[in-house]
file data.pdb (PDB, C-alpha atoms)
ATOM      1  CA  GLY A   1    -170.107 -93.589  65.077
ATOM      2  CA  GLY A   2    -168.808 -95.661  67.940
ATOM      3  CA  PHE A   3    -166.027 -96.514  70.380
ATOM      4  CA  PHE A   4    -163.806 -99.326  71.631
ATOM      5  CA  MET A   5    -163.871-100.122  75.352
ATOM      6  CA  HIS A   6    -160.145-100.388  75.976
ATOM      7  CA  ALA A   7    -158.659-101.895  79.156
ATOM      8  CA  ARG A   8    -155.264-100.379  80.005
ATOM      9  CA  GLY A   9    -152.582-100.343  82.667
ATOM     10  CA  GLY A  10    -153.662 -99.129  86.116
ATOM     11  CA  LEU A  11    -157.070-100.769  85.884
ATOM     12  CA  LYS A  12    -158.760-101.062  89.286
ATOM     13  CA  THR A  13    -161.948-102.815  88.214
ATOM     14  CA  PRO A  14    -161.011-106.524  88.066
ATOM     15  CA  TYR A  15    -160.768-107.502  84.421
ATOM     16  CA  LEU A  16    -163.688-109.671  83.193
ATOM     17  CA  SER A  17    -165.260-109.580  86.669
ATOM     18  CA  GLU A  18    -168.985-109.065  87.179
ATOM     19  CA  GLU A  19    -168.270-105.391  87.924
ATOM     20  CA  TRP A  20    -166.368-105.196  84.623
ATOM     21  CA  MET A  21    -169.279-106.714  82.739
ATOM     22  CA  GLN A  22    -171.743-104.320  84.374
ATOM     23  CA  ALA A  23    -169.591-101.371  83.299
ATOM     24  CA  THR A  24    -169.473-102.789  79.783
ATOM     25  CA  GLN A  25    -173.265-103.200  79.858
ATOM     26  CA  ALA A  26    -173.682 -99.552  80.882
ATOM     27  CA  CYS A  27    -171.499 -98.411  77.981
ATOM     28  CA  CYS A  28    -173.440-100.558  75.521
ATOM     29  CA  ASP A  29    -176.800 -99.319  76.806
ATOM     30  CA  GLU A  30    -175.700 -95.699  76.473
ATOM     31  CA  ALA A  31    -174.316 -96.356  73.001
ATOM     32  CA  GLN A  32    -177.638 -97.812  71.915
ATOM     33  CA  ASP A  33    -179.490 -94.730  73.211
ATOM     34  CA  LEU A  34    -177.082 -92.495  71.263
ATOM     35  CA  GLU A  35    -177.254 -94.705  68.145
ATOM     36  CA  MET A  36    -173.539 -95.478  68.396
ATOM     37  CA  ASN A  37    -171.638 -98.765  68.077
ATOM     38  CA  ALA A  38    -169.997-100.155  71.218
ATOM     39  CA  TRP A  39    -167.074-102.492  70.534
ATOM     40  CA  ALA A  40    -165.331-104.692  73.093
ATOM     41  CA  TYR A  41    -161.553-104.837  73.315
ATOM     42  CA  ASP A  42    -160.400-108.447  73.590
ATOM     43  CA  GLU A  43    -157.545-108.113  76.072
ATOM     44  CA  ASN A  44    -156.339-106.370  79.221
ATOM     45  CA  GLY A  45    -153.532-104.560  77.450
ATOM     46  CA  TRP A  46    -151.735-106.165  74.537
ATOM     47  CA  PRO A  47    -150.732-108.275  72.656
ATOM     48  CA  SER A  48    -154.073-110.050  72.428
ATOM     49  CA  GLY A  49    -154.201-113.682  73.423
ATOM     50  CA  PHE A  50    -153.067-114.030  77.064
ATOM     51  CA  ALA A  51    -156.510-113.370  78.610
ATOM     52  CA  GLY A  52    -155.330-110.753  81.070
ATOM     53  CA  GLY A  53    -152.687-113.152  82.407
ATOM     54  CA  LYS A  54    -155.064-116.024  83.153
ATOM     55  CA  LEU A  55    -153.606-118.234  80.411
ATOM     56  CA  LEU A  56    -150.059-117.620  81.628
ATOM     57  CA  GLU A  57    -150.743-119.424  84.906
ATOM     58  CA  ASP A  58    -150.158-122.681  82.992
ATOM     59  CA  ILE A  59    -146.610-122.637  81.613
ATOM     60  CA  GLU A  60    -147.666-124.913  78.738
ATOM     61  CA  ASN A  61    -149.783-122.045  77.344
ATOM     62  CA  ARG A  62    -146.848-119.668  77.104
ATOM     63  CA  ASP A  63    -144.835-118.601  74.098
ATOM     64  CA  MET A  64    -141.437-120.129  73.427
ATOM     65  CA  TYR A  65    -138.286-118.603  71.988
ATOM     66  CA  ILE A  66    -134.822-119.770  70.976
ATOM     67  CA  THR A  67    -131.474-118.579  72.291
ATOM     68  CA  TYR A  68    -128.092-119.864  71.143
ATOM     69  CA  THR A  69    -124.383-119.939  71.855
ATOM     70  CA  THR A  70    -121.417-120.986  69.752
ATOM     71  CA  GLY A  71    -118.185-122.518  70.955
ATOM     72  CA  GLN A  72    -117.766-125.702  72.931
ATOM     73  CA  TYR A  73    -120.382-128.433  73.024
ATOM     74  CA  ASP A  74    -122.967-127.688  75.743
ATOM     75  CA  SER A  75    -124.507-130.833  77.231
ATOM     76  CA  SER A  76    -127.282-128.770  78.868
ATOM     77  CA  ALA A  77    -128.542-127.391  75.529
ATOM     78  CA  ASP A  78    -131.814-128.662  74.055
ATOM     79  CA  VAL A  79    -130.127-129.373  70.724
ATOM     80  CA  SER A  80    -126.545-129.003  69.501
ATOM     81  CA  TYR A  81    -124.851-128.996  66.106
ATOM     82  CA  PHE A  82    -121.299-129.483  64.939
ATOM     83  CA  LEU A  83    -120.277-126.755  62.492
ATOM     84  CA  SER A  84    -118.385-128.713  59.865
ATOM     85  CA  GLY A  85    -117.388-126.687  56.818
ATOM     86  CA  ASP A  86    -120.539-125.790  54.908
ATOM     87  CA  LYS A  87    -122.691-128.290  56.793
ATOM     88  CA  LEU A  88    -124.672-128.228  60.013
ATOM     89  CA  ILE A  89    -124.608-131.632  61.733
ATOM     90  CA  ARG A  90    -126.912-132.364  64.670
ATOM     91  CA  VAL A  91    -125.114-134.230  67.438
ATOM     92  CA  GLU A  92    -126.043-135.812  70.772
ATOM     93  CA  GLU A  93    -122.510-135.589  72.171
ATOM     94  CA  PRO A  94    -119.211-133.957  71.179
ATOM     95  CA  THR A  95    -117.836-135.748  68.159
ATOM     96  CA  ASP A  96    -114.783-133.725  67.200
ATOM     97  CA  SER A  97    -112.724-130.715  68.142
ATOM     98  CA  GLY A  98    -114.154-127.592  66.601
ATOM     99  CA  GLU A  99    -117.058-125.205  66.961
ATOM    100  CA  TYR A 100    -120.566-126.160  68.076
ATOM    101  CA  LEU A 101    -123.893-124.350  67.908
ATOM    102  CA  ASN A 102    -126.049-124.898  71.011
ATOM    103  CA  LEU A 103    -129.753-123.994  71.141
ATOM    104  CA  ARG A 104    -132.065-123.570  74.103
ATOM    105  CA  LEU A 105    -135.867-123.572  73.873
ATOM    106  CA  ASN A 106    -137.157-121.124  76.475
ATOM    107  CA  ARG A 107    -140.585-120.260  77.863
ATOM    108  CA  ALA A 108    -141.787-116.656  77.830
ATOM    109  CA  VAL A 109    -143.220-115.041  80.954
ATOM    110  CA  SER A 110    -145.817-112.604  79.597
ATOM    111  CA  THR A 111    -147.222-113.863  76.280
ATOM    112  CA  ALA A 112    -149.270-116.869  75.182
ATOM    113  CA  ASP A 113    -148.602-119.283  72.321
ATOM    114  CA  ILE A 114    -151.328-118.197  69.910
ATOM    115  CA  LEU A 115    -149.890-120.542  67.270
ATOM    116  CA  ASN A 116    -151.383-123.359  69.320
ATOM    117  CA  PRO A 117    -155.104-123.683  68.455
ATOM    118  CA  ASP A 118    -155.879-125.166  71.883
ATOM    119  CA  VAL A 119    -154.439-122.083  73.596
ATOM    120  CA  VAL A 120    -156.526-119.791  71.366
ATOM    121  CA  LYS A 121    -159.606-121.866  72.143
ATOM    122  CA  LYS A 122    -158.963-121.271  75.857
ATOM    123  CA  PHE A 123    -158.536-117.547  75.129
ATOM    124  CA  LEU A 124    -161.945-117.463  73.441
ATOM    125  CA  GLN A 125    -163.551-119.365  76.303
ATOM    126  CA  ILE A 126    -162.114-117.044  78.966
ATOM    127  CA  THR A 127    -162.750-113.779  77.094
ATOM    128  CA  HIS A 128    -165.282-113.832  74.251
ATOM    129  CA  GLU A 129    -167.521-116.470  75.764
ATOM    130  CA  GLN A 130    -167.781-114.450  78.991
ATOM    131  CA  TYR A 131    -169.105-111.424  77.126
ATOM    132  CA  LYS A 132    -171.545-113.661  75.281
ATOM    133  CA  ALA A 133    -172.746-115.271  78.529
ATOM    134  CA  HIS A 134    -173.237-111.896  80.217
ATOM    135  CA  PHE A 135    -175.281-110.333  77.400
ATOM    136  CA  GLY A 136    -177.188-113.487  76.510
ATOM    137  CA  GLU A 137    -179.636-113.098  73.637
ATOM    138  CA  SER A 138    -178.846-109.372  73.304
ATOM    139  CA  PHE A 139    -175.124-110.026  72.716
ATOM    140  CA  SER A 140    -174.981-109.297  68.981
ATOM    141  CA  SER A 141    -177.395-106.364  69.239
ATOM    142  CA  LYS A 142    -175.452-104.685  72.061
ATOM    143  CA  VAL A 143    -171.837-105.469  71.122
ATOM    144  CA  ALA A 144    -170.817-104.558  67.571
ATOM    145  CA  GLY A 145    -167.739-106.742  67.730
ATOM    146  CA  PHE A 146    -164.230-107.133  69.109
ATOM    147  CA  PHE A 147    -161.039-105.176  68.551
ATOM    148  CA  THR A 148    -157.967-107.414  68.571
ATOM    149  CA  ASP A 149    -154.694-105.652  69.304
ATOM    150  CA  GLU A 150    -151.221-106.647  68.142
ATOM    151  CA  PRO A 151    -151.471-110.471  68.199
ATOM    152  CA  GLN A 152    -148.021-111.833  67.373
ATOM    153  CA  TYR A 153    -145.629-114.670  67.906
ATOM    154  CA  TYR A 154    -142.791-114.003  70.347
ATOM    155  CA  ARG A 155    -140.849-110.945  69.146
ATOM    156  CA  ALA A 156    -138.121-110.258  71.700
ATOM    157  CA  ALA A 157    -136.040-113.168  70.357
ATOM    158  CA  THR A 158    -136.367-115.857  67.682
ATOM    159  CA  PRO A 159    -139.842-117.397  68.189
ATOM    160  CA  TYR A 160    -140.575-121.095  68.463
ATOM    161  CA  THR A 161    -143.608-123.264  69.161
ATOM    162  CA  PRO A 162    -144.067-127.033  69.453
ATOM    163  CA  MET A 163    -146.659-126.577  66.700
ATOM    164  CA  VAL A 164    -143.947-125.823  64.139
ATOM    165  CA  ALA A 165    -142.253-129.166  64.860
ATOM    166  CA  LYS A 166    -145.587-130.897  64.280
ATOM    167  CA  TYR A 167    -146.065-128.875  61.073
ATOM    168  CA  PHE A 168    -142.681-129.969  59.696
ATOM    169  CA  ARG A 169    -143.376-133.607  60.500
ATOM    170  CA  GLN A 170    -146.744-133.551  58.766
ATOM    171  CA  LYS A 171    -145.866-131.430  55.738
ATOM    172  CA  TYR A 172    -142.248-132.353  55.043
ATOM    173  CA  ASN A 173    -141.768-135.570  57.037
ATOM    174  CA  GLU A 174    -138.820-133.880  58.744
ATOM    175  CA  ASP A 175    -137.611-133.505  62.310
ATOM    176  CA  ILE A 176    -137.288-129.739  62.595
ATOM    177  CA  LEU A 177    -134.533-130.070  65.201
ATOM    178  CA  ASP A 178    -132.253-131.497  62.515
ATOM    179  CA  GLN A 179    -132.197-128.071  60.842
ATOM    180  CA  LEU A 180    -133.330-125.546  63.454
ATOM    181  CA  GLY A 181    -129.792-124.208  63.848
ATOM    182  CA  LEU A 182    -129.946-122.899  60.265
ATOM    183  CA  LEU A 183    -131.885-119.955  61.652
ATOM    184  CA  PHE A 184    -128.620-118.737  63.171
ATOM    185  CA  VAL A 185    -125.814-119.852  60.835
ATOM    186  CA  GLU A 186    -125.510-119.707  57.061
ATOM    187  CA  LYS A 187    -124.790-123.322  56.280
ATOM    188  CA  GLU A 188    -125.998-125.486  53.407
ATOM    189  CA  GLY A 189    -129.758-125.204  52.931
ATOM    190  CA  PHE A 190    -130.249-122.213  55.243
ATOM    191  CA  ARG A 191    -132.208-120.100  52.747
ATOM    192  CA  SER A 192    -134.718-122.845  51.995
ATOM    193  CA  PHE A 193    -135.139-123.740  55.660
ATOM    194  CA  ARG A 194    -135.648-120.145  56.759
ATOM    195  CA  TYR A 195    -138.286-119.594  54.087
ATOM    196  CA  ARG A 196    -140.155-122.725  55.117
ATOM    197  CA  TYR A 197    -139.820-121.895  58.804
ATOM    198  CA  TRP A 198    -141.284-118.388  58.609
ATOM    199  CA  LEU A 199    -143.973-119.531  56.189
ATOM    200  CA  ALA A 200    -144.922-122.238  58.703
ATOM    201  CA  MET A 201    -145.018-119.737  61.571
ATOM    202  CA  GLN A 202    -147.280-117.451  59.562
ATOM    203  CA  GLU A 203    -149.631-120.257  58.513
ATOM    204  CA  LEU A 204    -149.851-121.511  62.080
ATOM    205  CA  MET A 205    -150.704-118.073  63.427
ATOM    206  CA  LEU A 206    -153.118-117.428  60.567
ATOM    207  CA  ASN A 207    -155.110-120.606  61.138
ATOM    208  CA  SER A 208    -154.778-120.921  64.907
ATOM    209  CA  PHE A 209    -155.500-117.330  65.874
ATOM    210  CA  ALA A 210    -156.797-115.196  63.007
ATOM    211  CA  LYS A 211    -159.174-117.680  61.438
ATOM    212  CA  GLN A 212    -160.349-119.221  64.702
ATOM    213  CA  VAL A 213    -161.199-115.842  66.250
ATOM    214  CA  TYR A 214    -162.808-114.627  63.005
ATOM    215  CA  ASP A 215    -164.916-117.785  62.709
ATOM    216  CA  TRP A 216    -166.096-117.393  66.320
ATOM    217  CA  CYS A 217    -167.216-113.834  65.599
ATOM    218  CA  CYS A 218    -169.001-114.929  62.412
ATOM    219  CA  ASP A 219    -170.739-117.757  64.252
ATOM    220  CA  ASN A 220    -171.974-115.299  66.878
ATOM    221  CA  ASP A 221    -173.110-112.605  64.444
ATOM    222  CA  ILE A 222    -170.600-109.960  65.484
ATOM    223  CA  GLN A 223    -167.654-108.353  63.696
ATOM    224  CA  LEU A 224    -163.898-108.450  64.170
ATOM    225  CA  THR A 225    -161.522-105.545  63.650
ATOM    226  CA  GLY A 226    -158.195-104.374  65.071
ATOM    227  CA  HIS A 227    -154.657-104.617  63.826
ATOM    228  CA  TYR A 228    -151.617-106.852  63.830
ATOM    229  CA  VAL A 229    -148.224-105.365  64.524
ATOM    230  CA  GLU A 230    -145.110-103.633  63.225
ATOM    231  CA  GLU A 231    -146.875-102.889  59.961
ATOM    232  CA  PRO A 232    -144.639 -99.949  58.884
ATOM    233  CA  THR A 233    -141.795-102.144  57.577
ATOM    234  CA  MET A 234    -141.512-105.580  56.017
ATOM    235  CA  GLY A 235    -138.761-106.447  58.505
ATOM    236  CA  GLY A 236    -140.975-105.495  61.443
ATOM    237  CA  GLN A 237    -143.777-107.638  60.053
ATOM    238  CA  LEU A 238    -141.443-110.628  59.734
ATOM    239  CA  MET A 239    -140.406-110.167  63.351
ATOM    240  CA  CYS A 240    -144.014-110.394  64.571
ATOM    241  CA  CYS A 241    -146.183-112.351  62.124
ATOM    242  CA  ALA A 242    -144.220-112.883  58.863
ATOM    243  CA  GLY A 243    -146.305-110.338  56.942
ATOM    244  CA  VAL A 244    -149.652-108.739  57.792
ATOM    245  CA  MET A 245    -151.543-108.859  54.495
ATOM    246  CA  PRO A 246    -152.805-112.484  54.707
ATOM    247  CA  PHE A 247    -154.394-111.689  58.080
ATOM    248  CA  TYR A 248    -156.734-109.054  56.639
ATOM    249  CA  GLU A 249    -158.898-111.794  55.154
ATOM    250  CA  TYR A 250    -159.901-112.722  58.694
ATOM    251  CA  GLU A 251    -161.165-109.332  59.829
ATOM    252  CA  HIS A 252    -164.515-107.853  58.892
ATOM    253  CA  ILE A 253    -162.878-104.424  59.060
ATOM    254  CA  PRO A 254    -159.121-104.853  58.510
ATOM    255  CA  GLY A 255    -156.956-102.304  60.273
ATOM    256  CA  ILE A 256    -153.523-100.895  60.975
ATOM    257  CA  ASP A 257    -151.824 -98.966  63.763
ATOM    258  CA  TRP A 258    -150.356 -95.533  63.153
ATOM    259  CA  LEU A 259    -148.090 -94.241  65.909
ATOM    260  CA  GLY A 260    -146.556 -90.786  65.966
ATOM    261  CA  SER A 261    -146.750 -87.828  63.608
ATOM    262  CA  ASP A 262    -144.416 -88.995  60.834
ATOM    263  CA  THR A 263    -146.073 -89.470  57.438
ATOM    264  CA  ASN A 264    -143.159 -91.057  55.576
ATOM    265  CA  ASN A 265    -144.592 -94.559  55.994
ATOM    266  CA  GLU A 266    -146.568 -95.606  52.939
ATOM    267  CA  VAL A 267    -146.265 -99.379  53.415
ATOM    268  CA  SER A 268    -149.001-100.138  55.950
ATOM    269  CA  PRO A 269    -151.936 -98.062  54.595
ATOM    270  CA  ARG A 270    -151.218 -99.149  51.030
ATOM    271  CA  GLN A 271    -151.030-102.810  52.035
ATOM    272  CA  LEU A 272    -154.279-102.380  53.959
ATOM    273  CA  ASN A 273    -156.012-100.697  51.029
ATOM    274  CA  SER A 274    -154.720-103.293  48.569
ATOM    275  CA  ALA A 275    -155.997-106.187  50.668
ATOM    276  CA  ALA A 276    -159.339-104.487  51.296
ATOM    277  CA  GLN A 277    -159.801-103.906  47.568
ATOM    278  CA  GLN A 278    -158.895-107.491  46.695
ATOM    279  CA  LEU A 279    -161.160-108.929  49.386
ATOM    280  CA  GLY A 280    -164.094-106.614  48.707
ATOM    281  CA  LYS A 281    -164.029-105.130  52.212
ATOM    282  CA  LYS A 282    -165.612-101.691  52.235
ATOM    283  CA  GLN A 283    -163.979-100.315  55.381
ATOM    284  CA  ALA A 284    -160.292-100.002  56.243
ATOM    285  CA  LEU A 285    -159.505 -98.846  59.773
ATOM    286  CA  THR A 286    -156.561 -97.074  61.353
ATOM    287  CA  GLU A 287    -155.840 -96.748  65.059
ATOM    288  CA  THR A 288    -154.206 -93.356  64.883
ATOM    289  CA  PHE A 289    -152.830 -90.318  66.757
ATOM    290  CA  GLY A 290    -151.213 -92.464  69.475
ATOM    291  CA  CYS A 291    -147.725 -91.316  70.559
ATOM    292  CA  CYS A 292    -148.112 -87.961  68.799
ATOM    293  CA  GLY A 293    -147.271 -86.014  71.963
ATOM    294  CA  TRP A 294    -149.341 -83.486  73.875
ATOM    295  CA  ASN A 295    -148.021 -80.616  71.746
ATOM    296  CA  ILE A 296    -149.534 -81.937  68.520
ATOM    297  CA  SER A 297    -151.482 -79.270  66.629
ATOM    298  CA  PRO A 298    -154.855 -79.590  64.873
ATOM    299  CA  ALA A 299    -153.052 -78.898  61.599
ATOM    300  CA  ASP A 300    -150.711 -81.838  62.212
ATOM    301  CA  LEU A 301    -153.635 -84.097  63.084
ATOM    302  CA  LYS A 302    -155.265 -83.114  59.793
ATOM    303  CA  ARG A 303    -152.008 -83.841  57.929
ATOM    304  CA  ILE A 304    -151.681 -87.310  59.509
ATOM    305  CA  ALA A 305    -155.316 -88.160  58.785
ATOM    306  CA  GLY A 306    -155.211 -86.803  55.237
ATOM    307  CA  PHE A 307    -152.129 -88.822  54.345
ATOM    308  CA  GLN A 308    -153.771 -92.039  55.487
ATOM    309  CA  TYR A 309    -157.016 -91.226  53.673
ATOM    310  CA  ALA A 310    -155.020 -90.629  50.483
ATOM    311  CA  CYS A 311    -153.482 -94.102  50.911
ATOM    312  CA  GLY A 312    -156.868 -95.810  51.226
ATOM    313  CA  VAL A 313    -157.887 -95.682  54.907
ATOM    314  CA  ASN A 314    -161.532 -94.661  55.352
ATOM    315  CA  MET A 315    -162.312 -95.342  59.030
ATOM    316  CA  MET A 316    -160.452 -93.787  61.944
ATOM    317  CA  CYS A 317    -160.101 -94.972  65.541
ATOM    318  CA  HIS A 318    -158.838 -92.030  67.612
ATOM    319  CA  HIS A 319    -156.340 -93.188  70.209
ATOM    320  CA  LEU A 320    -156.706 -92.516  73.152
ATOM    321  CA  ILE A 321    -159.512 -90.873  75.161
ATOM    322  CA  PRO A 322    -159.335 -92.001  78.818
ATOM    323  CA  TYR A 323    -162.595 -91.299  80.650
ATOM    324  CA  SER A 324    -160.755 -91.247  83.979
ATOM    325  CA  GLU A 325    -157.193 -90.901  85.206
ATOM    326  CA  ARG A 326    -157.969 -92.969  88.326
ATOM    327  CA  GLY A 327    -157.606 -96.313  86.565
ATOM    328  CA  ASN A 328    -161.246 -97.343  86.877
TER     329      ASN A 328
END
call {"tool": "encode", "arguments": {"input": "data.pdb", "output": "structure tokens"}}
result
Amino acid sequence: GGFFMHARGGLKTPYLSEEWMQATQACCDEAQDLEMNAWAYDENGWPSGFAGGKLLEDIENRDMYITYTTGQYDSSADVSYFLSGDKLIRVEEPTDSGEYLNLRLNRAVSTADILNPDVVKKFLQITHEQYKAHFGESFSSKVAGFFTDEPQYYRAATPYTPMVAKYFRQKYNEDILDQLGLLFVEKEGFRSFRYRYWLAMQELMLNSFAKQVYDWCCDNDIQLTGHYVEEPTMGGQLMCCAGVMPFYEYEHIPGIDWLGSDTNNEVSPRQLNSAAQQLGKKQALTETFGCCGWNISPADLKRIAGFQYACGVNMMCHHLIPYSERGN
């Protein structure tokens, strides 16, 4: 019934250039002649949100993450704590002999801070608005919608954003730096702080990215689909977005990723089906068959598809069919 126009590594046509838009137009025109749906892919690679690298040119748009050391007090750290018995005490200088926890707030090099609504607004202006400008009045009749791919907060280390400090000030009247070290040591209050921290990160990502992108699509009479990331396990979800199910509300066709040929994972399709049922969404998508290997058999493909259908998936995105190996 349709296809997603997916930019990938090795691309020679400049991303979002006039040549790119003309190629997209040609695909959409052909799709209309064949009575198919042509969907745009919202990024040049993944995770969605960095606008093909354009947003990363300004360091203030980039993700942040936390690293830490323990031992002596480090005057070059962004925030330090004295580890005193069961308590974590924030200090500005060494106060006693003993062990200190030192945190650094670092900037990422390849991902954008999609927990910042201003950054997401720039992403929409650079990407979605360009498609809209190119197609003009025919935009919603030519482009069925956008596929968003693996949006996430920083996953290679413990994520951070200035937005979470603002969140804690507004909601709890707290300076988050007083307790941030509790992410790394089990001192008094660590369970409560960690719960509030990850809940805040999820709410920020939900409202800044998911809802803002969804609302833009609704306002422009197109649909949003795609998937978030590390759906197979609850731990993987925590690492990337603190749980995928709340995000399905902000997709017209909620979806998951299914990599490889293993069918032992029941978490992601069942979560997807549960959310779709609760939200009254008639379609539940899977991006599937990626990373299955070239020796995969038709029987195995049928097994993988059948398992997902039995768990509630009813729309399949076959991954991947490159139209050229030249990188065009």
call {"tool": "atom_distance", "arguments": {"input": "data.pdb", "atom1": "CA of Asn44 (chain A)", "atom2": "CA of Cys218 (chain A)"}}
result
22.7 Å
call {"tool": "closest_residue", "arguments": {"input": "data.pdb", "among": "A:Val119, A:Cys217, A:Met64, A:Cys241", "to": "Pro159 (chain A)", "atoms": "all atoms listed in the file"}}
result
A:Met64
call {"tool": "closest_residue", "arguments": {"input": "data.pdb", "among": "A:Arg90, A:Lys121, A:Lys54, A:Lys142", "to": "Ala31 (chain A)", "atoms": "only C-alpha atoms"}}
result
A:Lys142
call {"tool": "resolve_selection", "arguments": {"input": "data.pdb", "expression": "the PyMOL selection byres ((chain A and resi 17) around 12)", "output": "PDB file with C-alpha atoms, keeping the file's coordinate frame"}}
result
ATOM      1  CA  LYS A  12    -158.760-101.062  89.286  1.00  0.00           C
ATOM      2  CA  THR A  13    -161.948-102.815  88.214  1.00  0.00           C
ATOM      3  CA  PRO A  14    -161.011-106.524  88.066  1.00  0.00           C
ATOM      4  CA  TYR A  15    -160.768-107.502  84.421  1.00  0.00           C
ATOM      5  CA  LEU A  16    -163.688-109.671  83.193  1.00  0.00           C
ATOM      6  CA  GLU A  18    -168.985-109.065  87.179  1.00  0.00           C
ATOM      7  CA  GLU A  19    -168.270-105.391  87.924  1.00  0.00           C
ATOM      8  CA  TRP A  20    -166.368-105.196  84.623  1.00  0.00           C
ATOM      9  CA  MET A  21    -169.279-106.714  82.739  1.00  0.00           C
ATOM     10  CA  GLN A  22    -171.743-104.320  84.374  1.00  0.00           C
ATOM     11  CA  ALA A  23    -169.591-101.371  83.299  1.00  0.00           C
ATOM     12  CA  THR A  24    -169.473-102.789  79.783  1.00  0.00           C
ATOM     13  CA  GLY A  52    -155.330-110.753  81.070  1.00  0.00           C
ATOM     14  CA  ILE A 126    -162.114-117.044  78.966  1.00  0.00           C
ATOM     15  CA  THR A 127    -162.750-113.779  77.094  1.00  0.00           C
ATOM     16  CA  GLN A 130    -167.781-114.450  78.991  1.00  0.00           C
ATOM     17  CA  TYR A 131    -169.105-111.424  77.126  1.00  0.00           C
ATOM     18  CA  HIS A 134    -173.237-111.896  80.217  1.00  0.00           C
TER      19      HIS A 134
END
call {"tool": "resolve_selection", "arguments": {"input": "data.pdb", "expression": "the PyMOL selection byres ((chain A and resi 51) around 12)", "output": "CSV table (one decimal) with C-alpha atoms, keeping the file's coordinate frame"}}
result
chain,number,residue,atom,x,y,z
A,7,ALA,CA,-158.7,-101.9,79.2
A,15,TYR,CA,-160.8,-107.5,84.4
A,16,LEU,CA,-163.7,-109.7,83.2
A,41,TYR,CA,-161.6,-104.8,73.3
A,42,ASP,CA,-160.4,-108.4,73.6
A,43,GLU,CA,-157.5,-108.1,76.1
A,44,ASN,CA,-156.3,-106.4,79.2
A,45,GLY,CA,-153.5,-104.6,77.4
A,46,TRP,CA,-151.7,-106.2,74.5
A,47,PRO,CA,-150.7,-108.3,72.7
A,48,SER,CA,-154.1,-110.0,72.4
A,49,GLY,CA,-154.2,-113.7,73.4
A,50,PHE,CA,-153.1,-114.0,77.1
A,52,GLY,CA,-155.3,-110.8,81.1
A,53,GLY,CA,-152.7,-113.2,82.4
A,54,LYS,CA,-155.1,-116.0,83.2
A,55,LEU,CA,-153.6,-118.2,80.4
A,56,LEU,CA,-150.1,-117.6,81.6
A,57,GLU,CA,-150.7,-119.4,84.9
A,61,ASN,CA,-149.8,-122.0,77.3
A,62,ARG,CA,-146.8,-119.7,77.1
A,110,SER,CA,-145.8,-112.6,79.6
A,111,THR,CA,-147.2,-113.9,76.3
A,112,ALA,CA,-149.3,-116.9,75.2
A,113,ASP,CA,-148.6,-119.3,72.3
A,114,ILE,CA,-151.3,-118.2,69.9
A,119,VAL,CA,-154.4,-122.1,73.6
A,120,VAL,CA,-156.5,-119.8,71.4
A,121,LYS,CA,-159.6,-121.9,72.1
A,122,LYS,CA,-159.0,-121.3,75.9
A,123,PHE,CA,-158.5,-117.5,75.1
A,124,LEU,CA,-161.9,-117.5,73.4
A,125,GLN,CA,-163.6,-119.4,76.3
A,126,ILE,CA,-162.1,-117.0,79.0
A,127,THR,CA,-162.8,-113.8,77.1
A,128,HIS,CA,-165.3,-113.8,74.3
A,129,GLU,CA,-167.5,-116.5,75.8
A,130,GLN,CA,-167.8,-114.4,79.0
A,148,THR,CA,-158.0,-107.4,68.6
A,151,PRO,CA,-151.5,-110.5,68.2
call {"tool": "resolve_selection", "arguments": {"input": "data.pdb", "expression": "the PyMOL selection byres ((chain A and resi 251) around 9)", "output": "PyMOL selection string"}}
result
chain A and resi 210-211+214+223-227+247-250+252-255
call {"tool": "atom_distance", "arguments": {"input": "data.pdb", "atom1": "CA of Leu183 (chain A)", "atom2": "CA of Tyr65 (chain A)"}}
result
12.2 Å
call {"tool": "residues_around", "arguments": {"input": "data.pdb", "residues": "Val164 (chain A)", "least_positions_apart": "5", "cutoff": "12 Å", "atoms": "only C-alpha atoms", "output": "ChimeraX atom specification"}}
result
/A:64,113,115-116,153,159,169-172,174-177,180,196-205,208
call {"tool": "atom_distance", "arguments": {"input": "data.pdb", "atom1": "CA of Asp63 (chain A)", "atom2": "CA of Thr161 (chain A)"}}
result
6.9 Å
call {"tool": "build_atoms", "arguments": {"input": "data.pdb", "residues": "region 165-171 of chain A", "atoms": "N, CA and C atoms", "output": "PDB file, keeping the file's coordinate frame"}}
result
ATOM      1  N   ALA A 165    -142.851-127.836  65.005  1.00  0.00           N
ATOM      2  CA  ALA A 165    -142.253-129.166  64.860  1.00  0.00           C
ATOM      3  C   ALA A 165    -143.279-130.145  64.299  1.00  0.00           C
ATOM      4  N   LYS A 166    -144.505-130.040  64.785  1.00  0.00           N
ATOM      5  CA  LYS A 166    -145.587-130.897  64.280  1.00  0.00           C
ATOM      6  C   LYS A 166    -145.855-130.591  62.815  1.00  0.00           C
ATOM      7  N   TYR A 167    -145.846-129.320  62.455  1.00  0.00           N
ATOM      8  CA  TYR A 167    -146.065-128.875  61.073  1.00  0.00           C
ATOM      9  C   TYR A 167    -145.019-129.492  60.144  1.00  0.00           C
ATOM     10  N   PHE A 168    -143.749-129.433  60.541  1.00  0.00           N
ATOM     11  CA  PHE A 168    -142.681-129.969  59.696  1.00  0.00           C
ATOM     12  C   PHE A 168    -142.786-131.483  59.554  1.00  0.00           C
ATOM     13  N   ARG A 169    -143.204-132.156  60.601  1.00  0.00           N
ATOM     14  CA  ARG A 169    -143.376-133.607  60.500  1.00  0.00           C
ATOM     15  C   ARG A 169    -144.489-133.956  59.518  1.00  0.00           C
ATOM     16  N   GLN A 170    -145.594-133.229  59.599  1.00  0.00           N
ATOM     17  CA  GLN A 170    -146.744-133.551  58.766  1.00  0.00           C
ATOM     18  C   GLN A 170    -146.548-133.128  57.316  1.00  0.00           C
ATOM     19  N   LYS A 171    -145.964-131.956  57.095  1.00  0.00           N
ATOM     20  CA  LYS A 171    -145.866-131.430  55.738  1.00  0.00           C
ATOM     21  C   LYS A 171    -144.626-131.903  54.998  1.00  0.00           C
TER      22      LYS A 171
END
